[in-house]
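Asker: Pasting data-v6.csv below, which is CSV, C-alpha atoms.
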```csv
chain,number,residue,atom,x,y,z
A,1,MET,CA,101.2,79.5,74.9
A,2,ILE,CA,101.4,79.4,78.7
A,3,LYS,CA,98.4,77.0,78.7
A,4,TRP,CA,100.3,74.4,76.6
A,5,ILE,CA,103.5,74.7,78.6
A,6,PHE,CA,101.7,74.4,81.8
A,7,ALA,CA,99.8,71.2,80.8
A,8,ILE,CA,102.7,69.6,79.0
A,9,MET,CA,105.0,70.1,82.0
A,10,LEU,CA,102.5,68.5,84.3
A,11,ILE,CA,101.9,65.5,82.0
A,12,ILE,CA,105.6,64.9,81.3
A,13,SER,CA,106.3,65.1,85.0
A,14,ALA,CA,103.8,62.3,85.7
A,15,ILE,CA,105.0,60.1,82.9
A,16,LEU,CA,108.7,60.6,83.4
A,17,GLY,CA,108.3,60.3,87.1
A,18,ALA,CA,106.7,56.9,86.7
A,19,ILE,CA,109.3,55.7,84.2
A,20,GLN,CA,112.3,56.8,86.2
A,21,ASN,CA,110.8,55.5,89.4
A,22,LYS,CA,110.7,59.0,91.0
A,23,ILE,CA,106.9,59.1,91.3
A,24,SER,CA,107.0,59.6,95.1
A,25,GLU,CA,109.2,62.7,94.6
A,26,VAL,CA,106.9,64.0,92.0
A,27,SER,CA,103.9,63.5,94.3
A,28,SER,CA,105.5,65.3,97.2
A,29,ALA,CA,106.6,68.1,94.8
A,30,ALA,CA,103.0,68.6,93.8
A,31,LEU,CA,101.9,69.0,97.4
A,32,ASN,CA,104.9,71.1,98.5
A,33,SER,CA,105.4,73.5,95.5
A,34,CYS,CA,102.0,75.2,96.0
A,35,VAL,CA,103.0,76.0,99.6
A,36,GLU,CA,106.3,77.4,98.4
A,37,ALA,CA,104.3,79.6,96.0
A,38,VAL,CA,102.3,81.1,98.9
A,39,GLU,CA,105.5,81.6,100.8
A,40,LEU,CA,107.0,83.4,97.8
A,41,CYS,CA,103.9,85.5,97.4
A,42,ILE,CA,104.1,86.6,101.1
A,43,TYR,CA,107.8,87.4,100.6
A,44,LEU,CA,107.0,89.4,97.4
A,45,THR,CA,104.1,91.2,99.2
A,46,GLY,CA,106.4,92.8,101.7
A,47,GLY,CA,108.7,94.2,99.0
A,48,MET,CA,105.8,95.3,96.9
A,49,CYS,CA,104.1,97.2,99.7
A,50,MET,CA,107.4,98.8,100.8
A,51,TRP,CA,108.4,99.9,97.3
A,52,GLY,CA,104.9,100.8,96.4
A,53,GLY,CA,105.0,103.2,99.3
A,54,ILE,CA,108.4,104.6,98.4
A,55,MET,CA,107.4,104.9,94.8
A,56,ARG,CA,104.3,106.9,95.7
A,57,VAL,CA,106.3,109.3,97.8
A,58,ALA,CA,108.9,109.6,95.0
A,59,GLU,CA,106.1,110.3,92.6
A,60,LYS,CA,104.5,113.0,94.8
A,61,SER,CA,107.8,114.7,95.4
A,62,GLY,CA,109.0,114.7,91.7
A,63,VAL,CA,111.9,112.3,92.1
A,64,THR,CA,110.5,110.0,89.4
A,65,ASP,CA,110.2,112.9,87.0
A,66,VAL,CA,114.0,113.4,87.2
A,67,LEU,CA,114.6,109.6,86.5
A,68,ALA,CA,112.1,109.7,83.6
A,69,LYS,CA,113.9,112.6,82.1
A,70,LEU,CA,117.2,110.7,82.2
A,71,PHE,CA,115.8,107.7,80.4
A,72,ARG,CA,113.3,109.4,78.1
A,73,PRO,CA,115.7,109.9,75.1
A,74,LEU,CA,116.6,106.2,75.2
A,75,LEU,CA,113.2,104.7,76.0
A,76,LYS,CA,110.8,106.8,74.0
A,77,HIS,CA,111.7,105.1,70.8
A,78,LEU,CA,111.3,101.6,72.4
A,79,PHE,CA,108.0,102.1,74.1
A,80,LYS,CA,106.0,103.6,71.3
A,81,GLY,CA,102.9,105.7,72.1
A,82,LEU,CA,103.5,105.6,75.8
A,83,ASP,CA,103.1,109.0,77.7
A,84,THR,CA,106.6,109.7,79.1
A,85,SER,CA,105.1,111.8,81.9
A,86,GLY,CA,102.7,109.1,82.9
A,87,LYS,CA,102.9,106.7,85.9
A,88,ALA,CA,103.6,103.7,83.8
A,89,PHE,CA,106.7,105.3,82.2
A,90,HIS,CA,107.9,106.4,85.7
A,91,ALA,CA,107.5,102.9,87.1
A,92,ILE,CA,109.4,101.5,84.1
A,93,CYS,CA,112.3,104.0,84.7
A,94,MET,CA,112.4,103.0,88.4
A,95,ASN,CA,112.4,99.3,87.5
A,96,ILE,CA,115.3,99.8,85.0
A,97,THR,CA,117.3,101.8,87.6
A,98,ALA,CA,116.8,99.0,90.2
A,99,ASN,CA,117.9,96.4,87.6
A,100,LEU,CA,121.0,98.3,86.5
A,101,LEU,CA,122.0,98.7,90.1
A,102,GLY,CA,121.6,95.0,90.7
A,103,LEU,CA,118.7,95.4,93.2
A,104,GLY,CA,116.7,92.4,92.1
A,105,ASN,CA,114.5,92.5,95.2
A,106,ALA,CA,113.5,96.0,94.4
A,107,ALA,CA,113.2,95.6,90.6
A,108,THR,CA,110.4,93.0,90.8
A,109,PRO,CA,107.9,95.0,92.8
A,110,LEU,CA,108.6,98.1,90.7
A,111,GLY,CA,108.2,96.0,87.6
A,112,LEU,CA,104.8,94.8,88.8
A,113,GLU,CA,103.8,98.3,89.5
A,114,ALA,CA,104.8,99.2,85.9
A,115,MET,CA,102.7,96.3,84.4
A,116,LYS,CA,99.7,97.4,86.5
A,117,ARG,CA,100.1,101.0,85.3
A,118,LEU,CA,100.6,99.9,81.6
A,119,GLU,CA,97.3,98.1,81.8
A,120,GLU,CA,95.6,101.2,83.3
A,121,GLU,CA,97.0,103.5,80.6
A,122,GLU,CA,96.6,101.2,77.6
A,123,GLY,CA,93.3,99.6,78.6
A,124,GLU,CA,92.5,96.1,80.0
A,125,SER,CA,92.6,93.4,77.5
A,126,GLU,CA,93.1,89.6,77.4
A,127,VAL,CA,95.8,90.1,74.8
A,128,THR,CA,99.1,91.7,75.8
A,129,SER,CA,100.1,95.1,74.4
A,130,ARG,CA,103.4,95.6,72.5
A,131,ASN,CA,104.8,97.8,75.3
A,132,MET,CA,104.1,95.1,77.9
A,133,VAL,CA,106.0,92.5,75.8
A,134,LEU,CA,109.0,94.8,75.4
A,135,PHE,CA,109.0,95.6,79.1
A,136,VAL,CA,108.8,91.9,80.0
A,137,VAL,CA,111.6,91.0,77.6
A,138,LEU,CA,113.7,93.8,79.1
A,139,ASN,CA,113.2,92.1,82.5
A,140,THR,CA,113.7,88.5,81.4
A,141,ALA,CA,117.1,89.5,79.8
A,142,SER,CA,119.2,90.6,82.7
A,143,ILE,CA,120.4,94.2,82.4
A,144,THR,CA,122.5,94.2,85.6
A,145,LEU,CA,125.7,96.1,85.3
A,146,ILE,CA,127.7,94.3,88.0
A,147,PRO,CA,127.2,90.5,88.5
A,148,THR,CA,127.4,90.5,92.3
A,149,THR,CA,125.9,87.1,92.9
A,150,ALA,CA,128.1,85.3,90.4
A,151,ALA,CA,131.2,87.2,91.7
A,152,SER,CA,130.6,86.4,95.4
A,153,LEU,CA,130.0,82.7,94.7
A,154,ARG,CA,133.2,82.6,92.5
A,155,LEU,CA,135.1,84.2,95.4
A,156,LYS,CA,133.7,81.7,97.8
A,157,HIS,CA,134.9,78.8,95.6
A,158,GLY,CA,138.5,80.3,95.5
A,159,SER,CA,138.5,82.2,92.2
A,160,GLU,CA,141.7,84.2,91.7
A,161,ALA,CA,139.8,87.0,89.8
A,162,PRO,CA,136.1,86.9,90.7
A,163,MET,CA,135.3,89.9,88.5
A,164,GLU,CA,137.2,88.9,85.4
A,165,ILE,CA,133.9,87.8,83.9
A,166,LEU,CA,132.6,91.3,83.8
A,167,PRO,CA,133.3,92.1,80.2
A,168,CYS,CA,131.9,88.8,79.1
A,169,VAL,CA,128.8,89.4,81.2
A,170,LEU,CA,128.2,92.8,79.7
A,171,ILE,CA,128.6,91.7,76.1
A,172,THR,CA,126.5,88.6,76.7
A,173,SER,CA,123.7,90.6,78.4
A,174,ALA,CA,123.7,93.2,75.6
A,175,CYS,CA,123.5,90.6,72.8
A,176,ALA,CA,120.8,88.6,74.6
A,177,LEU,CA,118.7,91.8,75.2
A,178,MET,CA,119.1,92.9,71.5
A,179,VAL,CA,118.0,89.5,70.2
A,180,GLY,CA,115.1,89.5,72.6
A,181,LEU,CA,113.9,92.9,71.7
A,182,ILE,CA,114.4,92.4,67.9
A,183,THR,CA,112.5,89.1,68.0
A,184,ALA,CA,109.7,90.8,69.9
A,185,ILE,CA,109.5,93.6,67.4
A,186,ILE,CA,109.7,91.4,64.3
A,187,PHE,CA,106.9,89.1,65.7
A,188,ASP,CA,104.8,92.1,66.4
A,189,LYS,CA,105.0,93.4,62.9
A,190,GLY,CA,104.5,89.9,61.4
A,191,GLU,CA,101.3,89.3,63.4
A,192,ARG,CA,99.7,92.7,62.5
A,193,LYS,CA,99.8,92.1,58.7
B,1,MET,CA,129.1,99.3,98.3
B,2,SER,CA,125.7,98.1,97.1
B,3,ASP,CA,124.6,98.1,100.7
B,4,TYR,CA,124.6,101.8,100.6
B,5,VAL,CA,122.3,102.2,97.6
B,6,ILE,CA,118.9,101.3,99.1
B,7,PRO,CA,119.1,103.1,102.5
B,8,PHE,CA,120.4,106.3,100.9
B,9,PHE,CA,118.0,106.2,98.1
B,10,ILE,CA,115.1,105.8,100.5
B,11,ALA,CA,116.6,108.6,102.7
B,12,ALA,CA,116.9,110.9,99.7
B,13,VAL,CA,113.3,110.3,98.7
B,14,MET,CA,112.2,111.2,102.2
B,15,ILE,CA,114.3,114.4,102.4
B,16,ILE,CA,113.0,115.5,99.0
B,17,GLY,CA,109.4,114.6,100.0
B,18,LEU,CA,109.7,116.7,103.2
B,19,VAL,CA,111.2,119.6,101.3
B,20,LYS,CA,108.3,119.5,98.8
B,21,LYS,CA,105.9,119.3,101.8
B,22,VAL,CA,104.5,115.8,100.9
B,23,ASP,CA,102.7,113.9,103.7
B,24,VAL,CA,105.3,111.1,103.4
B,25,PHE,CA,103.7,108.8,105.9
B,26,SER,CA,100.1,108.7,104.5
B,27,GLU,CA,101.4,108.7,100.9
B,28,PHE,CA,103.6,105.7,101.8
B,29,THR,CA,100.8,103.7,103.4
B,30,GLU,CA,98.5,104.6,100.4
B,31,GLY,CA,101.0,103.2,98.0
B,32,ALA,CA,101.6,100.2,100.1
B,33,LYS,CA,97.8,99.5,100.3
B,34,GLU,CA,97.5,99.6,96.5
B,35,ASN,CA,100.2,97.1,96.0
B,36,LEU,CA,98.9,94.8,98.7
B,37,LYS,CA,95.8,94.2,96.6
B,38,ALA,CA,98.0,93.7,93.5
B,39,ALA,CA,100.3,91.2,95.3
B,40,VAL,CA,97.3,89.0,96.2
B,41,SER,CA,96.2,88.9,92.6
B,42,VAL,CA,99.6,87.3,91.6
B,43,LEU,CA,99.2,84.3,93.8
B,44,PRO,CA,97.0,82.0,91.6
B,45,ALA,CA,99.6,82.3,88.7
B,46,LEU,CA,102.4,81.6,91.1
B,47,VAL,CA,100.8,78.5,92.5
B,48,ALA,CA,100.1,77.1,89.0
B,49,LEU,CA,103.6,77.8,87.7
B,50,MET,CA,105.6,76.7,90.8
B,51,THR,CA,103.6,73.5,91.1
B,52,ALA,CA,104.4,72.7,87.4
B,53,ILE,CA,108.1,73.5,87.9
B,54,GLY,CA,108.4,71.6,91.2
B,55,MET,CA,106.9,68.4,89.7
B,56,PHE,CA,109.0,68.8,86.5
B,57,LYS,CA,112.2,69.0,88.5
B,58,ALA,CA,111.3,66.1,90.7
B,59,SER,CA,110.5,63.9,87.8
B,60,GLY,CA,114.1,64.0,86.6
B,61,ALA,CA,113.1,65.6,83.3
B,62,LEU,CA,116.1,67.9,83.4
B,63,ASP,CA,118.6,65.0,83.1
B,64,PHE,CA,116.5,63.6,80.3
B,65,ILE,CA,116.7,66.9,78.3
B,66,SER,CA,120.4,67.2,79.0
B,67,ALA,CA,121.0,63.9,77.3
B,68,ILE,CA,118.9,64.8,74.3
B,69,VAL,CA,120.6,68.2,73.7
B,70,SER,CA,124.2,67.3,74.3
B,71,PRO,CA,125.1,66.7,70.6
B,72,LEU,CA,123.9,70.2,69.7
B,73,THR,CA,125.7,71.9,72.6
B,74,SER,CA,129.0,70.2,71.8
B,75,PHE,CA,128.7,71.5,68.3
B,76,LEU,CA,128.2,75.0,69.6
B,77,GLY,CA,131.3,74.7,71.9
B,78,PHE,CA,129.1,74.9,75.0
B,79,PRO,CA,130.6,73.0,78.0
B,80,ASP,CA,128.8,69.8,79.0
B,81,GLU,CA,129.0,70.8,82.7
B,82,CYS,CA,126.8,73.8,82.0
B,83,ILE,CA,123.9,72.1,80.2
B,84,PRO,CA,121.8,71.5,83.3
B,85,LEU,CA,122.4,75.1,84.3
B,86,ALA,CA,121.2,76.4,80.9
B,87,ILE,CA,118.1,74.2,81.2
B,88,ILE,CA,117.1,75.2,84.7
B,89,ARG,CA,118.1,78.9,84.4
B,90,PRO,CA,114.9,80.1,82.6
B,91,VAL,CA,112.7,78.0,84.9
B,92,SER,CA,114.0,78.4,88.5
B,93,GLY,CA,116.2,81.1,90.1
B,94,SER,CA,117.0,79.1,93.3
B,95,GLY,CA,117.4,75.9,91.2
B,96,ALA,CA,119.9,77.7,89.0
B,97,LEU,CA,121.9,78.9,91.9
B,98,ALA,CA,122.0,75.4,93.4
B,99,VAL,CA,123.3,74.0,90.0
B,100,PHE,CA,125.8,76.9,89.8
B,101,GLU,CA,127.1,76.1,93.3
B,102,SER,CA,127.5,72.4,92.4
B,103,ILE,CA,129.4,73.3,89.1
B,104,LEU,CA,131.8,75.5,91.0
B,105,THR,CA,132.3,72.7,93.5
B,106,ASP,CA,133.1,70.2,90.8
B,107,VAL,CA,135.4,72.4,88.6
B,108,SER,CA,137.5,75.5,89.4
B,109,PRO,CA,135.7,78.8,89.0
B,110,ASP,CA,138.6,79.9,86.8
B,111,SER,CA,138.2,76.9,84.4
B,112,PHE,CA,136.4,77.2,81.1
B,113,ALA,CA,133.1,75.6,82.3
B,114,GLY,CA,133.4,77.6,85.6
B,115,ARG,CA,133.7,80.9,83.8
B,116,VAL,CA,130.9,80.1,81.3
B,117,ALA,CA,128.6,79.1,84.2
B,118,SER,CA,129.5,82.4,86.0
B,119,VAL,CA,128.7,84.5,82.9
B,120,ILE,CA,125.3,82.7,82.4
B,121,ILE,CA,124.4,83.4,86.0
B,122,GLY,CA,125.4,87.0,85.6
B,123,SER,CA,123.8,87.7,82.3
B,124,THR,CA,120.4,85.9,82.3
B,125,GLU,CA,117.2,85.9,84.3
B,126,THR,CA,114.5,83.5,85.4
B,127,THR,CA,112.4,83.9,82.3
B,128,PHE,CA,109.3,81.8,83.1
B,129,TYR,CA,109.0,83.1,86.6
B,130,THR,CA,109.3,86.7,85.4
B,131,ILE,CA,106.6,86.3,82.7
B,132,ALA,CA,104.2,84.5,85.0
B,133,VAL,CA,104.5,87.0,87.8
B,134,TYR,CA,104.5,90.1,85.5
B,135,TYR,CA,101.5,89.0,83.5
B,136,GLY,CA,99.9,87.5,86.6
B,137,ILE,CA,99.2,91.0,87.9
B,138,THR,CA,97.3,92.0,84.7
B,139,LYS,CA,94.2,90.5,83.0
B,140,VAL,CA,96.3,89.4,80.1
B,141,LYS,CA,95.8,85.8,79.0
B,142,LYS,CA,97.5,85.8,75.6
B,143,THR,CA,101.1,86.8,76.1
B,144,ARG,CA,101.8,86.5,72.3
B,145,GLN,CA,105.6,86.8,71.5
B,146,ALA,CA,106.7,87.5,75.1
B,147,LEU,CA,107.9,83.9,75.8
B,148,PRO,CA,109.5,83.1,72.4
B,149,ALA,CA,111.3,86.4,72.4
B,150,SER,CA,112.6,85.9,76.0
B,151,LEU,CA,113.7,82.4,75.3
B,152,ALA,CA,115.5,83.6,72.1
B,153,ALA,CA,117.3,86.1,74.4
B,154,ASP,CA,118.2,83.3,76.8
B,155,PHE,CA,119.5,81.0,74.1
B,156,THR,CA,121.6,83.8,72.6
B,157,GLY,CA,123.0,84.4,76.1
B,158,PHE,CA,124.1,80.8,76.4
B,159,VAL,CA,125.8,80.7,73.0
B,160,ILE,CA,127.5,84.1,73.5
B,161,SER,CA,128.6,83.3,77.0
B,162,ALA,CA,130.8,80.4,75.8
B,163,LEU,CA,132.0,82.5,72.8
B,164,THR,CA,133.0,85.5,74.9
B,165,VAL,CA,134.7,83.4,77.5
B,166,ARG,CA,136.7,81.7,74.8
B,167,ILE,CA,137.7,84.9,73.0
B,168,ILE,CA,138.2,87.3,75.9
B,169,LEU,CA,139.5,85.1,78.7
B,170,GLY,CA,141.2,82.6,76.5
```
Just give me the structure of the file as structure tokens.

Answerer:
Amino acid sequence: MIKWIFAIMLIISAILGAIQNKISEVSSAALNSCVEAVELCIYLTGGMCMWGGIMRVAEKSGVTDVLAKLFRPLLKHLFKGLDTSGKAFHAICMNITANLLGLGNAATPLGLEAMKRLEEEEGESEVTSRNMVLFVVLNTASITLIPTTAASLRLKHGSEAPMEILPCVLITSACALMVGLITAIIFDKGERK
Amino acid sequence: MSDYVIPFFIAAVMIIGLVKKVDVFSEFTEGAKENLKAAVSVLPALVALMTAIGMFKASGALDFISAIVSPLTSFLGFPDECIPLAIIRPVSGSGALAVFESILTDVSPDSFAGRVASVIIGSTETTFYTIAVYYGITKVKKTRQALPASLAADFTGFVISALTVRIILG
């Protein structure tokens, strides 16, 4: 899937760039984007090391056990067959907590930690596991409770009620997440038959 | 308010760690070391994806897609101003913020399109980036239904955002 999207995006870029007379922009984008990727990776590395350290201290001192207990009733039905006292489940709970609190910069490193742990516990494979898919869908559908970025930009542009969008955001997030998870689960069952 | 969360969470972890007699410094550096290796393994996937996205954006493909989908979106009651936002949102986080910024400059944040754009920013994520980075750290090559399911969620988000703004905010 990714293979096709990757190739098609690159091919379309060249063709459309030539047709629309933007080929020099496409050319410089090719040379600059890879540098941006390295910059982003360095930026991510800092957060990953910091949160990896905090996560490990939290793990050793039992903080993640408490979080895991809170989320267990809700998540044990979603992530089937996952040991709820294991490191993967703990990292998933930390990631969801960070997401709910709107701490995007903390959520990504913790999410990567969870993916790594899922792979350790479920075994390395070239094909994704069901739990990995569900966890990724959970993260691609935003589960933030308070839309701080949108609200602050609304305020900056003179909105009279920056937070009035909150109920719409919550309903929209919930619907999107449900559709994402249901689609993932239906596809999963369909492919196994 | 949200400024308090991270420092106090970290402080709480430290206090509990010390109480439980954990060697907080060497455990911290051990955890950091593990993730340093992990971070390096994400880089190849990031370079591939960001190059594709950068070239795609520069080629003007987004305007092209906007023109193609506009009959469908007007049928769904989705504001024209928000089409570029919906297209770029799954692909680029910083790109989406730039488009959001320009929408709010063109129309009032309290207008229909301004509100729909705000709800989209508040309720969706950068799907492609998330999938590439999350799977980039694993050995997984076949992501199966992860992308279609995430895009279904995004599409639902776009449709519902216009619907909820119309119903709740009038």

Asker: Find the residues of chain B in contact range of chain A, meaning any atom within 6 Å when counting only C-alpha atoms, and list them as JSON, numbers by chain.

Answerer: {"B": [13, 17, 20, 24, 27, 28, 29, 31, 32, 35, 36, 39, 46, 47, 50, 51, 52, 54, 55, 56, 58, 59, 109, 110, 118, 119, 122, 123, 124, 125, 127, 134, 139, 140, 141, 142, 143, 145, 146, 149, 150, 152, 153, 156, 157, 160, 161, 164]}

Asker: Using all atoms listed in the file, which residue out of B:Val133, B:Ile15, B:Ile168, B:Glu81 lies closest to Val107 (chain B)?

Answerer: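 Going through B:Val133, B:Ile15, B:Ile168, B:Glu81 one by one, the smallest distance to Val107 (chain B) is for B:Glu81.
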
Asker: Quick one: everything within 8 Å of Ala132 (chain B), counting only C-alpha atoms, minus sequence neighbours fewer than 2 positions away in the same chain. Send it as a PyMOL selection string.

Answerer: chain B and resi 45-46+49+128-130+134-136

Asker: May I ask for the distance between CA of Ile87 (chain B) and CA of Ile65 (chain B), given in Å to one decimal place?

Answerer: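 Between CA of Ile87 (chain B) and CA of Ile65 (chain B) the gap is 8.0 Å.
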
Asker: Would you compute the distance between CA of Leu85 (chain B) and CA of Ile167 (chain B)? Give it in Å to one decimal.

Answerer: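 Between CA of Leu85 (chain B) and CA of Ile167 (chain B) the gap is 21.4 Å.
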